[in-house]
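Shown next: my_file.cif, given as mmCIF, C-alpha atoms.
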data_work
#
loop_
_atom_site.label_atom_id
_atom_site.label_comp_id
_atom_site.auth_asym_id
_atom_site.auth_seq_id
_atom_site.Cartn_x
_atom_site.Cartn_y
_atom_site.Cartn_z
CA MET A 1 -32.20 20.08 -12.75
CA ALA A 2 -34.71 19.26 -15.45
CA ALA A 3 -35.50 15.56 -15.85
CA ASN A 4 -34.41 13.56 -18.87
CA ALA A 5 -36.24 14.16 -22.11
CA ASP A 6 -37.90 11.00 -23.45
CA VAL A 7 -35.82 8.50 -25.39
CA TRP A 8 -37.17 7.59 -28.84
CA GLU A 9 -35.86 4.64 -30.84
CA VAL A 10 -35.21 5.43 -34.49
CA PHE A 11 -35.93 3.20 -37.50
CA ILE A 12 -34.88 4.20 -40.99
CA GLN A 13 -36.03 2.93 -44.36
CA SER A 14 -32.94 3.39 -46.51
CA LYS A 15 -34.93 3.33 -49.74
CA ASN A 16 -38.44 2.85 -50.96
CA GLY A 17 -39.51 -0.78 -50.83
CA LEU A 18 -37.09 -1.91 -48.11
CA ALA A 19 -37.92 -2.58 -44.45
CA HIS A 20 -37.27 0.02 -41.75
CA LYS A 21 -34.16 -0.82 -39.75
CA HIS A 22 -33.25 0.20 -36.20
CA VAL A 23 -30.34 2.66 -36.16
CA GLY A 24 -30.22 4.07 -32.63
CA ASN A 25 -32.12 6.58 -30.53
CA VAL A 26 -32.59 10.28 -29.82
CA HIS A 27 -33.77 12.37 -26.90
CA ALA A 28 -36.78 14.58 -27.62
CA ALA A 29 -39.66 16.24 -25.80
CA ASP A 30 -42.31 15.29 -28.37
CA LYS A 31 -42.84 13.35 -31.59
CA VAL A 32 -42.15 16.23 -33.96
CA MET A 33 -38.86 17.00 -32.27
CA ALA A 34 -38.03 13.27 -32.21
CA LEU A 35 -38.48 13.05 -35.99
CA GLU A 36 -36.42 16.19 -36.61
CA ASN A 37 -33.63 15.11 -34.26
CA ALA A 38 -33.58 11.66 -35.87
CA ARG A 39 -33.30 13.28 -39.30
CA ASP A 40 -30.44 15.53 -38.17
CA LEU A 41 -28.58 12.75 -36.38
CA TYR A 42 -29.06 9.70 -38.57
CA THR A 43 -29.56 10.97 -42.14
CA ARG A 44 -26.76 13.47 -42.72
CA ARG A 45 -25.65 11.50 -45.78
CA ASN A 46 -28.91 10.56 -47.54
CA GLU A 47 -29.28 7.39 -45.48
CA GLY A 48 -33.05 7.42 -45.55
CA SER A 49 -36.29 7.87 -47.40
CA CYS A 50 -38.52 7.45 -44.35
CA ILE A 51 -38.05 7.57 -40.56
CA TRP A 52 -40.09 5.98 -37.76
CA VAL A 53 -39.65 7.05 -34.17
CA VAL A 54 -41.09 5.04 -31.27
CA LYS A 55 -40.93 5.91 -27.60
CA ALA A 56 -38.42 3.52 -26.05
CA THR A 57 -40.80 2.85 -23.16
CA ASP A 58 -43.43 1.58 -25.62
CA ILE A 59 -41.19 -1.20 -26.92
CA ILE A 60 -41.67 -4.65 -25.41
CA SER A 61 -38.65 -6.93 -25.73
CA SER A 62 -38.24 -10.63 -25.06
CA GLU A 63 -35.59 -11.38 -22.44
CA SER A 64 -32.30 -12.63 -23.83
CA GLU A 65 -31.71 -14.88 -20.81
CA ASP A 66 -35.04 -16.63 -21.55
CA SER A 67 -34.40 -16.86 -25.26
CA GLU A 68 -33.79 -20.61 -25.25
CA ALA A 69 -37.14 -21.41 -23.70
CA PHE A 70 -38.90 -18.62 -25.55
CA PHE A 71 -37.86 -19.81 -28.99
CA ASP A 72 -37.93 -23.51 -28.12
CA PRO A 73 -41.26 -24.32 -29.86
CA SER A 74 -39.69 -23.79 -33.29
CA ASN A 75 -36.49 -25.73 -32.70
CA ASP A 76 -37.81 -29.24 -33.33
CA LYS A 77 -39.82 -28.52 -36.45
CA MET A 78 -37.30 -29.15 -39.14
CA TYR A 79 -40.15 -30.05 -41.51
CA ARG A 80 -40.78 -26.33 -41.84
CA HIS A 81 -37.66 -26.07 -43.94
CA PRO A 82 -37.66 -27.12 -47.61
CA THR A 83 -34.38 -29.02 -47.15
CA PHE A 84 -36.22 -31.49 -44.86
CA TYR A 85 -37.88 -33.22 -47.81
CA ASN A 86 -36.47 -35.96 -50.04
CA MET A 87 -37.01 -35.20 -53.70
CA PRO A 88 -36.87 -38.00 -56.28
CA ASP A 89 -33.87 -37.90 -58.61
CA GLY A 90 -34.59 -36.09 -61.82
CA ALA A 91 -37.38 -33.86 -60.44
CA LYS A 92 -36.83 -30.28 -61.60
CA HIS A 93 -38.14 -26.80 -60.76
CA ILE A 94 -39.22 -27.80 -57.25
CA MET B 1 -20.62 -18.51 -11.54
CA ASN B 2 -22.17 -15.67 -13.54
CA GLU B 3 -18.68 -14.34 -14.11
CA THR B 4 -17.52 -17.66 -15.60
CA ILE B 5 -20.44 -17.74 -18.04
CA PHE B 6 -19.82 -14.10 -18.88
CA GLN B 7 -16.13 -14.69 -19.61
CA LYS B 8 -17.01 -17.73 -21.73
CA ARG B 9 -19.29 -15.59 -23.87
CA ILE B 10 -16.55 -12.98 -24.23
CA ASP B 11 -13.98 -15.62 -25.18
CA ALA B 12 -16.40 -16.99 -27.80
CA GLU B 13 -16.53 -13.48 -29.37
CA LYS B 14 -20.19 -13.09 -28.40
CA LYS B 15 -21.38 -9.48 -27.96
CA ILE B 16 -22.71 -8.41 -24.56
CA GLU B 17 -26.04 -6.58 -24.76
CA PRO B 18 -27.54 -4.07 -22.27
CA LYS B 19 -29.85 -6.52 -20.48
CA ASP B 20 -27.20 -9.26 -20.14
CA TRP B 21 -25.54 -9.90 -16.80
CA MET B 22 -22.11 -8.24 -16.57
CA PRO B 23 -19.56 -7.77 -13.78
CA ASP B 24 -19.67 -4.37 -12.05
CA GLY B 25 -16.11 -3.72 -13.13
CA TYR B 26 -17.04 -4.28 -16.78
CA ARG B 27 -19.96 -1.85 -16.53
CA LYS B 28 -17.84 0.76 -14.72
CA HIS B 29 -14.99 0.46 -17.19
CA LEU B 30 -17.39 0.89 -20.11
CA ILE B 31 -19.15 3.89 -18.59
CA ARG B 32 -15.80 5.56 -17.99
CA GLN B 33 -14.43 4.77 -21.43
CA ILE B 34 -17.56 5.50 -23.49
CA SER B 35 -18.39 8.71 -21.63
CA GLN B 36 -14.82 9.93 -22.01
CA HIS B 37 -15.11 9.15 -25.70
CA ALA B 38 -18.46 10.99 -25.98
CA HIS B 39 -17.18 14.03 -24.09
CA SER B 40 -14.12 14.11 -26.38
CA GLU B 41 -16.30 14.30 -29.48
CA VAL B 42 -18.32 17.15 -28.00
CA ILE B 43 -15.45 19.16 -26.50
CA GLY B 44 -13.57 18.53 -29.77
CA MET B 45 -16.04 20.81 -31.54
CA GLN B 46 -14.55 23.84 -29.78
CA PRO B 47 -11.02 24.05 -31.24
CA GLU B 48 -12.45 23.58 -34.74
CA GLY B 49 -15.49 25.78 -34.18
CA ASN B 50 -12.91 28.48 -33.49
CA TRP B 51 -12.10 28.60 -37.23
CA ILE B 52 -15.55 28.31 -38.85
CA SER B 53 -15.98 32.07 -39.13
CA ARG B 54 -12.42 32.50 -40.41
CA ALA B 55 -12.19 29.66 -42.92
CA PRO B 56 -10.26 30.87 -45.99
CA THR B 57 -12.89 29.88 -48.60
CA LEU B 58 -16.60 29.12 -48.71
CA ARG B 59 -15.75 25.50 -49.61
CA ALA B 60 -13.49 25.18 -46.57
CA LYS B 61 -16.15 26.75 -44.37
CA MET B 62 -18.92 24.39 -45.51
CA ILE B 63 -16.66 21.39 -45.01
CA LEU B 64 -15.62 22.51 -41.53
CA LEU B 65 -19.24 23.10 -40.55
CA ALA B 66 -20.16 19.60 -41.73
CA LYS B 67 -17.24 18.14 -39.82
CA VAL B 68 -18.11 19.89 -36.57
CA GLN B 69 -21.71 18.75 -37.02
CA ASP B 70 -20.45 15.16 -37.41
CA GLU B 71 -18.54 15.46 -34.13
CA ALA B 72 -21.78 16.44 -32.40
CA GLY B 73 -23.45 13.42 -33.99
CA HIS B 74 -20.66 11.11 -32.86
CA GLY B 75 -20.99 12.45 -29.33
CA LEU B 76 -24.71 11.63 -29.40
CA TYR B 77 -24.17 8.08 -30.71
CA LEU B 78 -21.77 7.52 -27.84
CA TYR B 79 -23.98 9.07 -25.15
CA SER B 80 -26.76 6.74 -26.38
CA ALA B 81 -24.47 3.72 -26.08
CA CYS B 82 -23.39 4.82 -22.60
CA GLU B 83 -26.98 5.34 -21.42
CA THR B 84 -27.74 1.67 -22.15
CA LEU B 85 -25.48 0.90 -19.16
CA GLY B 86 -27.95 2.54 -16.80
CA ILE B 87 -26.61 6.08 -16.47
CA SER B 88 -28.55 9.16 -17.63
CA ARG B 89 -27.40 11.86 -20.04
CA GLU B 90 -27.75 14.41 -17.21
CA GLU B 91 -25.46 12.39 -14.93
CA LEU B 92 -22.89 12.06 -17.68
CA ILE B 93 -22.82 15.79 -18.34
CA GLN B 94 -22.72 16.52 -14.62
CA GLN B 95 -19.66 14.25 -14.29
CA LEU B 96 -17.97 16.21 -17.06
CA HIS B 97 -18.76 19.52 -15.36
CA ASP B 98 -17.58 18.21 -11.99
CA GLU B 99 -14.36 17.04 -13.66
CA LYS B 100 -15.04 13.46 -12.58
CA ALA B 101 -15.15 12.40 -16.23
CA LYS B 102 -12.31 13.25 -18.59
CA TYR B 103 -12.11 13.99 -22.26
CA SER B 104 -9.16 13.61 -24.60
CA SER B 105 -6.34 15.96 -23.59
CA ILE B 106 -5.61 16.82 -27.20
CA PHE B 107 -8.51 19.30 -27.16
CA ASN B 108 -6.84 21.34 -24.45
CA TYR B 109 -4.37 22.69 -27.00
CA PRO B 110 -5.23 25.93 -28.80
CA THR B 111 -5.80 26.18 -32.57
CA LEU B 112 -3.55 29.06 -33.55
CA SER B 113 -3.69 29.05 -37.35
CA TRP B 114 -5.75 27.63 -40.23
CA ALA B 115 -3.07 24.96 -40.65
CA ASP B 116 -4.19 23.60 -37.27
CA MET B 117 -7.47 22.54 -38.93
CA GLY B 118 -5.30 20.48 -41.24
CA ALA B 119 -3.22 19.02 -38.43
CA ILE B 120 -6.28 18.14 -36.35
CA GLY B 121 -8.06 16.39 -39.22
CA TRP B 122 -4.97 14.54 -40.36
CA LEU B 123 -3.39 13.63 -37.01
CA VAL B 124 -6.06 13.86 -34.32
CA ASP B 125 -8.82 12.29 -36.40
CA GLY B 126 -6.23 9.92 -37.87
CA ALA B 127 -5.27 8.72 -34.39
CA ALA B 128 -8.93 8.50 -33.40
CA ILE B 129 -9.67 6.35 -36.47
CA VAL B 130 -6.92 3.85 -35.59
CA ASN B 131 -8.45 3.54 -32.13
CA GLN B 132 -12.03 3.40 -33.35
CA VAL B 133 -11.40 0.84 -36.09
CA SER B 134 -10.03 -1.42 -33.38
CA LEU B 135 -13.03 -0.69 -31.13
CA GLN B 136 -15.50 -1.82 -33.81
CA ARG B 137 -14.74 -5.29 -32.42
CA THR B 138 -15.30 -4.30 -28.78
CA SER B 139 -17.35 -6.82 -26.79
CA TYR B 140 -20.19 -4.45 -25.81
CA GLY B 141 -22.81 -4.46 -28.57
CA PRO B 142 -24.07 -0.86 -28.44
CA TYR B 143 -20.49 0.51 -28.29
CA SER B 144 -19.42 -1.68 -31.19
CA ARG B 145 -22.36 -0.58 -33.34
CA GLY B 146 -21.66 3.07 -32.51
CA MET B 147 -18.03 2.63 -33.57
CA ILE B 148 -19.03 1.08 -36.88
CA LYS B 149 -21.26 4.05 -37.64
CA ILE B 150 -18.60 6.56 -36.57
CA CYS B 151 -15.83 4.92 -38.61
CA LYS B 152 -17.95 5.17 -41.75
CA GLU B 153 -18.18 8.93 -41.29
CA GLU B 154 -14.74 9.61 -39.89
CA SER B 155 -12.54 8.97 -42.91
CA PHE B 156 -13.80 12.15 -44.58
CA HIS B 157 -12.46 14.03 -41.55
CA GLN B 158 -8.96 12.74 -41.94
CA ARG B 159 -8.92 13.32 -45.68
CA GLN B 160 -10.11 16.93 -45.38
CA GLY B 161 -7.32 17.58 -42.85
CA TYR B 162 -4.65 15.98 -44.99
CA GLU B 163 -5.89 17.96 -48.00
CA ILE B 164 -5.42 21.22 -46.07
CA MET B 165 -1.91 20.17 -45.04
CA ALA B 166 -1.03 19.12 -48.62
CA GLN B 167 -2.31 22.41 -50.02
CA MET B 168 -0.40 24.51 -47.52
CA ALA B 169 2.75 22.43 -47.82
CA SER B 170 2.79 23.04 -51.57
CA GLY B 171 1.88 26.73 -51.24
CA THR B 172 4.08 29.72 -50.45
CA ALA B 173 7.08 29.41 -48.14
CA LYS B 174 5.03 31.07 -45.41
CA GLN B 175 2.15 28.63 -45.86
CA LYS B 176 4.48 25.65 -45.75
CA GLU B 177 6.01 27.05 -42.57
CA MET B 178 2.52 27.27 -41.02
CA ALA B 179 1.82 23.65 -41.96
CA GLN B 180 5.14 22.49 -40.50
CA ASP B 181 4.51 24.52 -37.35
CA ALA B 182 1.08 22.89 -36.92
CA LEU B 183 2.63 19.44 -37.36
CA ASN B 184 5.33 20.32 -34.83
CA ARG B 185 2.78 21.36 -32.21
CA PHE B 186 0.27 18.54 -32.77
CA TRP B 187 2.57 15.56 -33.38
CA TRP B 188 3.49 14.68 -29.80
CA PRO B 189 0.06 15.35 -28.27
CA SER B 190 -1.44 13.21 -31.08
CA ILE B 191 0.69 10.16 -30.40
CA MET B 192 0.03 10.61 -26.68
CA MET B 193 -3.73 10.35 -27.40
CA PHE B 194 -3.29 6.57 -27.22
CA GLY B 195 -2.51 6.93 -23.53
CA PRO B 196 0.40 5.79 -21.34
CA HIS B 197 2.69 2.89 -22.24
CA ASP B 198 1.11 -0.52 -21.60
CA ALA B 199 3.44 -1.06 -18.63
CA ASP B 200 2.07 2.13 -17.01
CA SER B 201 -1.57 1.52 -17.87
CA PRO B 202 -3.06 -0.41 -14.95
CA ARG B 203 -6.54 -0.85 -16.43
CA THR B 204 -5.40 -2.37 -19.72
CA GLY B 205 -5.34 -5.93 -18.29
CA ASN B 206 -9.08 -6.21 -17.59
CA ALA B 207 -10.01 -4.19 -20.65
CA ILE B 208 -8.18 -6.70 -22.86
CA LYS B 209 -9.46 -9.72 -20.93
CA TRP B 210 -13.04 -8.46 -21.30
CA LYS B 211 -12.34 -7.53 -24.95
CA ILE B 212 -13.47 -3.95 -24.35
CA LYS B 213 -10.15 -2.97 -25.89
CA ARG B 214 -8.86 -5.23 -28.64
CA GLN B 215 -5.37 -3.77 -28.90
CA THR B 216 -3.16 -2.10 -26.32
CA ASN B 217 -2.16 1.58 -26.26
CA ASP B 218 1.33 0.84 -27.56
CA GLU B 219 0.09 -1.39 -30.40
CA LEU B 220 -2.37 1.26 -31.57
CA ARG B 221 0.23 4.04 -31.30
CA GLN B 222 2.72 2.05 -33.38
CA SER B 223 0.12 1.37 -36.04
CA PHE B 224 -0.72 5.10 -36.28
CA ILE B 225 2.93 6.14 -36.52
CA ASP B 226 3.66 3.52 -39.21
CA LYS B 227 0.79 4.86 -41.32
CA THR B 228 1.55 8.53 -40.85
CA VAL B 229 5.28 8.77 -41.50
CA GLU B 230 4.91 8.14 -45.22
CA GLN B 231 1.97 10.55 -45.48
CA ALA B 232 4.23 13.30 -44.10
CA GLU B 233 6.94 12.43 -46.62
CA VAL B 234 4.48 12.58 -49.52
CA ILE B 235 3.62 16.20 -48.78
CA GLY B 236 7.17 17.18 -47.87
CA LEU B 237 6.68 17.82 -44.16
CA GLU B 238 8.99 16.58 -41.45
CA ILE B 239 7.82 14.77 -38.33
CA PRO B 240 9.47 16.52 -35.37
CA ASP B 241 11.19 13.48 -33.90
CA PRO B 242 14.96 13.05 -34.43
CA ASP B 243 14.75 9.43 -33.20
CA LEU B 244 12.20 8.41 -35.81
CA LYS B 245 13.64 5.72 -38.08
CA TRP B 246 12.57 2.52 -39.82
CA ASN B 247 13.49 -0.62 -37.92
CA GLU B 248 13.91 -3.41 -40.45
CA GLU B 249 13.98 -6.12 -37.81
CA ARG B 250 10.75 -5.07 -36.09
CA GLY B 251 9.06 -4.04 -39.33
CA HIS B 252 8.00 -0.83 -37.60
CA TYR B 253 9.24 2.70 -37.07
CA ASP B 254 11.21 3.38 -33.89
CA PHE B 255 10.37 6.71 -32.30
CA GLY B 256 11.45 8.98 -29.47
CA GLU B 257 10.08 9.04 -25.94
CA MET B 258 7.05 11.18 -25.24
CA ASP B 259 6.93 13.88 -22.57
CA TRP B 260 4.74 12.16 -20.01
CA GLU B 261 5.12 14.97 -17.52
CA GLU B 262 3.39 17.27 -19.97
CA PHE B 263 0.76 14.61 -20.68
CA TRP B 264 -0.22 14.18 -17.03
CA ASN B 265 -0.06 17.89 -16.47
CA VAL B 266 -2.65 18.46 -19.21
CA VAL B 267 -4.76 15.47 -18.09
CA ASN B 268 -4.83 16.94 -14.60
CA GLY B 269 -6.27 20.22 -15.78
CA ASN B 270 -3.23 22.41 -16.41
CA GLY B 271 -3.12 22.45 -20.20
CA PRO B 272 -3.36 25.69 -22.14
CA CYS B 273 -7.15 25.52 -22.66
CA ASN B 274 -8.62 23.17 -19.99
CA LYS B 275 -10.46 25.91 -18.13
CA GLN B 276 -11.71 27.61 -21.26
CA ARG B 277 -13.07 24.38 -22.77
CA LEU B 278 -15.01 23.37 -19.67
CA ALA B 279 -16.27 26.90 -18.96
CA HIS B 280 -17.57 27.15 -22.51
CA HIS B 281 -19.36 23.81 -22.27
CA LYS B 282 -20.99 24.77 -18.97
CA LYS B 283 -22.10 28.12 -20.35
CA ALA B 284 -23.59 26.58 -23.50
CA HIS B 285 -25.38 23.97 -21.38
CA ASP B 286 -26.75 26.55 -18.92
CA ASP B 287 -27.71 29.00 -21.66
CA GLY B 288 -29.67 26.22 -23.35
CA ALA B 289 -31.65 25.25 -20.23
CA TRP B 290 -34.63 27.43 -21.19
CA VAL B 291 -34.87 25.69 -24.56
CA ARG B 292 -35.06 22.26 -22.92
CA ASP B 293 -37.65 23.54 -20.44
CA ALA B 294 -39.70 25.20 -23.16
CA ALA B 295 -39.67 22.04 -25.30
CA LYS B 296 -40.96 20.02 -22.38
CA ALA B 297 -43.63 22.57 -21.51
CA HIS B 298 -44.72 22.61 -25.15
CA ALA B 299 -44.96 18.81 -25.22
CA LYS B 300 -47.23 18.87 -22.14
CA LYS B 301 -49.63 21.46 -23.59
CA PRO B 302 -52.97 19.93 -24.58
CA LYS B 303 -53.20 19.72 -28.36
CA ILE B 304 -56.09 21.66 -29.90
CA ALA B 305 -56.64 19.13 -32.67
CA ALA B 306 -54.99 15.76 -32.33
CA THR B 307 -53.31 14.77 -35.57
CA ASN B 308 -53.30 11.07 -34.76
#
Rewrite the structure from the file as structure tokens, please.
Amino acid sequence: MAANADVWEVFIQSKNGLAHKHVGNVHAADKVMALENARDLYTRRNEGSCIWVVKATDIISSESEDSEAFFDPSNDKMYRHPTFYNMPDGAKHI
Amino acid sequence: MNETIFQKRIDAEKKIEPKDWMPDGYRKHLIRQISQHAHSEVIGMQPEGNWISRAPTLRAKMILLAKVQDEAGHGLYLYSACETLGISREELIQQLHDEKAKYSSIFNYPTLSWADMGAIGWLVDGAAIVNQVSLQRTSYGPYSRGMIKICKEESFHQRQGYEIMAQMASGTAKQKEMAQDALNRFWWPSIMMFGPHDADSPRTGNAIKWKIKRQTNDELRQSFIDKTVEQAEVIGLEIPDPDLKWNEERGHYDFGEMDWEEFWNVVNGNGPCNKQRLAHHKKAHDDGAWVRDAAKAHAKKPKIAATN
């Protein structure tokens, strides 16, 4: 039996100006077929103005079991948020 | 230990993602359920495909084509979700061909008249929606996201079916008779789509504990019947169940007992169309092998001028 076709992850920009969002994946032998399959599968109702396809094997993901340690460096830096700061009473537009 | 943490996450309504640790039983249950669901979408194209070339109007034909195309799409969403559990598309299709994986028995009934397109959309898709709405909250992330996408698209299916039934029911006496006949044939198989009674459904316990299923077979069946009875009344058709009546105390409709002998007979391969459905799927898959091979050969060919 023939081996699996490659898996391509699909990202769709729903309209001009917005970010591309992951919607799922398709099987395809090459990039042209991946784009066409993604169009046929994920945009049957005008869901998109632009599609990206990326080979699933080219995506590097952080590990969810390590997420605590991985994201730890940002946890104790509350001063990065505007709500950390005390504003004097009466100050406006800040 | 792992299992305790896993169950805690489930109980806290956290979604399980592909790389997370999960019990073997959870993975196996999901592969069986999602693949059965995917196969049902794909095999379900056959009874409706049967009427594309004989649709009564161009409008009806375009709609039916779009619907069958959606079913293919839904099958693909579900195969994708299933593959995240570590099984390949080829293995899944092989299991279908080897009859190790099932698909919904409803598709083993023939579609004898145009009214059957109405009955399938209204009842079969209607029952599927009740199930799928509930599964949007399933604990496995990729399955849940697939269900959300499918539910968005599915309500057009039920409405197009109900429209056909309404049109035929208000047409000539002969047309109304066809609509009633379709309802008579599809009613019982439709309410059996939810599966055996909870008491006879050995796997329900774990599926509920793991929040793969959020409601039991009997709960979902009752919810579908409660919704559908009034819809039949509105278009002047009669549900073929003499025991069907409103139960004030329960706040639900009571209904007659289903023919489980027939159900298991069809599940076990002896329905009117089991052999035909599977043979057609195998043939289409085998006939398409050269296309898959050619696509791969084309992808391997050195490009004369690289575009990027």
Kindly determine which residues of chain B lie within 6 Å of chain A, considering only C-alpha atoms, and give the answer as a PyMOL selection string. chain B and resi 73+295-296+299
What's the separation between CA of Asn108 in chain B and CA of Val266 in chain B, in Å to one decimal place? 7.3 Å
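Shortest atom-to-atom contact with Met117 in chain B among B:Arg203, B:Lys67, B:Lys152, B:Lys102: B:Lys67, counting all atoms listed in the file.
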Using the chain letters and numbers from the file, give me the residues hit by the PyMOL selection byres ((chain B and resi 232) around 12), as number ranges by chain. B: 119, 122-123, 162-163, 165-166, 169, 179-180, 183-184, 187, 225-231, 233-240
Can you turn the PyMOL selection byres ((chain A and resi 46-62) around 7) into a concrete residue list for this file, as an MDAnalysis selection string? chainID A and resid 7:16 34:35 43:45 63:64
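With CA of Ala173 in chain B on one side and CA of Gly161 in chain B on the other, the separation reads 19.4 Å.
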Spell out the residues picked by the PyMOL selection byres ((chain B and resi 4-13) around 7) here, as a ChimeraX atom specification. /B:1-3,14-15,22,139,210-211
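If you look at CA of Glu41 in chain B and CA of Gly75 in chain B, they are 5.0 Å away from each other.
If you measure from each of B:His252, B:Arg159, B:Arg221, B:Lys275 to Asp198 in chain B using all atoms listed in the file, the closest one turns out to be B:Arg221.
Nearest-residue note for Glu99 in chain B: choosing from B:Asp287, B:Gly269, B:Trp260, B:Ala294, the minimum distance belongs to B:Gly269, counting only C-alpha atoms.
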For range 60-71 of chain A, which lacks atoms in the input, supply N, CA, C and O atoms and format the output as a PDB file, keeping the file's coordinate frame.
ATOM      1  N   ILE A  60     -41.711  -3.467 -26.269  1.00  0.00           N
ATOM      2  CA  ILE A  60     -41.670  -4.650 -25.410  1.00  0.00           C
ATOM      3  C   ILE A  60     -40.657  -5.618 -26.004  1.00  0.00           C
ATOM      4  O   ILE A  60     -40.740  -5.936 -27.188  1.00  0.00           O
ATOM      5  N   SER A  61     -39.695  -6.045 -25.209  1.00  0.00           N
ATOM      6  CA  SER A  61     -38.650  -6.930 -25.730  1.00  0.00           C
ATOM      7  C   SER A  61     -38.716  -8.273 -25.019  1.00  0.00           C
ATOM      8  O   SER A  61     -39.045  -8.342 -23.827  1.00  0.00           O
ATOM      9  N   SER A  62     -38.416  -9.341 -25.728  1.00  0.00           N
ATOM     10  CA  SER A  62     -38.240 -10.630 -25.060  1.00  0.00           C
ATOM     11  C   SER A  62     -36.922 -10.562 -24.284  1.00  0.00           C
ATOM     12  O   SER A  62     -36.068  -9.724 -24.577  1.00  0.00           O
ATOM     13  N   GLU A  63     -36.781 -11.430 -23.283  1.00  0.00           N
ATOM     14  CA  GLU A  63     -35.590 -11.380 -22.440  1.00  0.00           C
ATOM     15  C   GLU A  63     -34.531 -12.305 -23.030  1.00  0.00           C
ATOM     16  O   GLU A  63     -34.826 -13.473 -23.312  1.00  0.00           O
ATOM     17  N   SER A  64     -33.296 -11.780 -23.182  1.00  0.00           N
ATOM     18  CA  SER A  64     -32.300 -12.630 -23.830  1.00  0.00           C
ATOM     19  C   SER A  64     -31.935 -13.835 -22.974  1.00  0.00           C
ATOM     20  O   SER A  64     -31.609 -14.894 -23.496  1.00  0.00           O
ATOM     21  N   GLU A  65     -32.049 -13.705 -21.629  1.00  0.00           N
ATOM     22  CA  GLU A  65     -31.710 -14.880 -20.810  1.00  0.00           C
ATOM     23  C   GLU A  65     -32.767 -15.989 -20.935  1.00  0.00           C
ATOM     24  O   GLU A  65     -32.497 -17.144 -20.654  1.00  0.00           O
ATOM     25  N   ASP A  66     -33.999 -15.611 -21.368  1.00  0.00           N
ATOM     26  CA  ASP A  66     -35.040 -16.630 -21.550  1.00  0.00           C
ATOM     27  C   ASP A  66     -35.130 -17.089 -22.994  1.00  0.00           C
ATOM     28  O   ASP A  66     -36.047 -17.815 -23.367  1.00  0.00           O
ATOM     29  N   SER A  67     -34.194 -16.670 -23.828  1.00  0.00           N
ATOM     30  CA  SER A  67     -34.400 -16.860 -25.260  1.00  0.00           C
ATOM     31  C   SER A  67     -34.490 -18.334 -25.638  1.00  0.00           C
ATOM     32  O   SER A  67     -35.238 -18.697 -26.530  1.00  0.00           O
ATOM     33  N   GLU A  68     -33.761 -19.189 -24.917  1.00  0.00           N
ATOM     34  CA  GLU A  68     -33.790 -20.610 -25.250  1.00  0.00           C
ATOM     35  C   GLU A  68     -35.209 -21.174 -25.110  1.00  0.00           C
ATOM     36  O   GLU A  68     -35.762 -21.774 -26.034  1.00  0.00           O
ATOM     37  N   ALA A  69     -35.801 -20.915 -23.954  1.00  0.00           N
ATOM     38  CA  ALA A  69     -37.140 -21.410 -23.700  1.00  0.00           C
ATOM     39  C   ALA A  69     -38.153 -20.707 -24.609  1.00  0.00           C
ATOM     40  O   ALA A  69     -39.082 -21.330 -25.135  1.00  0.00           O
ATOM     41  N   PHE A  70     -37.937 -19.424 -24.801  1.00  0.00           N
ATOM     42  CA  PHE A  70     -38.900 -18.620 -25.550  1.00  0.00           C
ATOM     43  C   PHE A  70     -39.017 -19.098 -26.995  1.00  0.00           C
ATOM     44  O   PHE A  70     -40.102 -19.145 -27.560  1.00  0.00           O
ATOM     45  N   PHE A  71     -37.848 -19.419 -27.581  1.00  0.00           N
ATOM     46  CA  PHE A  71     -37.860 -19.810 -28.990  1.00  0.00           C
ATOM     47  C   PHE A  71     -37.902 -21.331 -29.181  1.00  0.00           C
ATOM     48  O   PHE A  71     -37.919 -21.818 -30.300  1.00  0.00           O
TER      49      PHE A  71
END
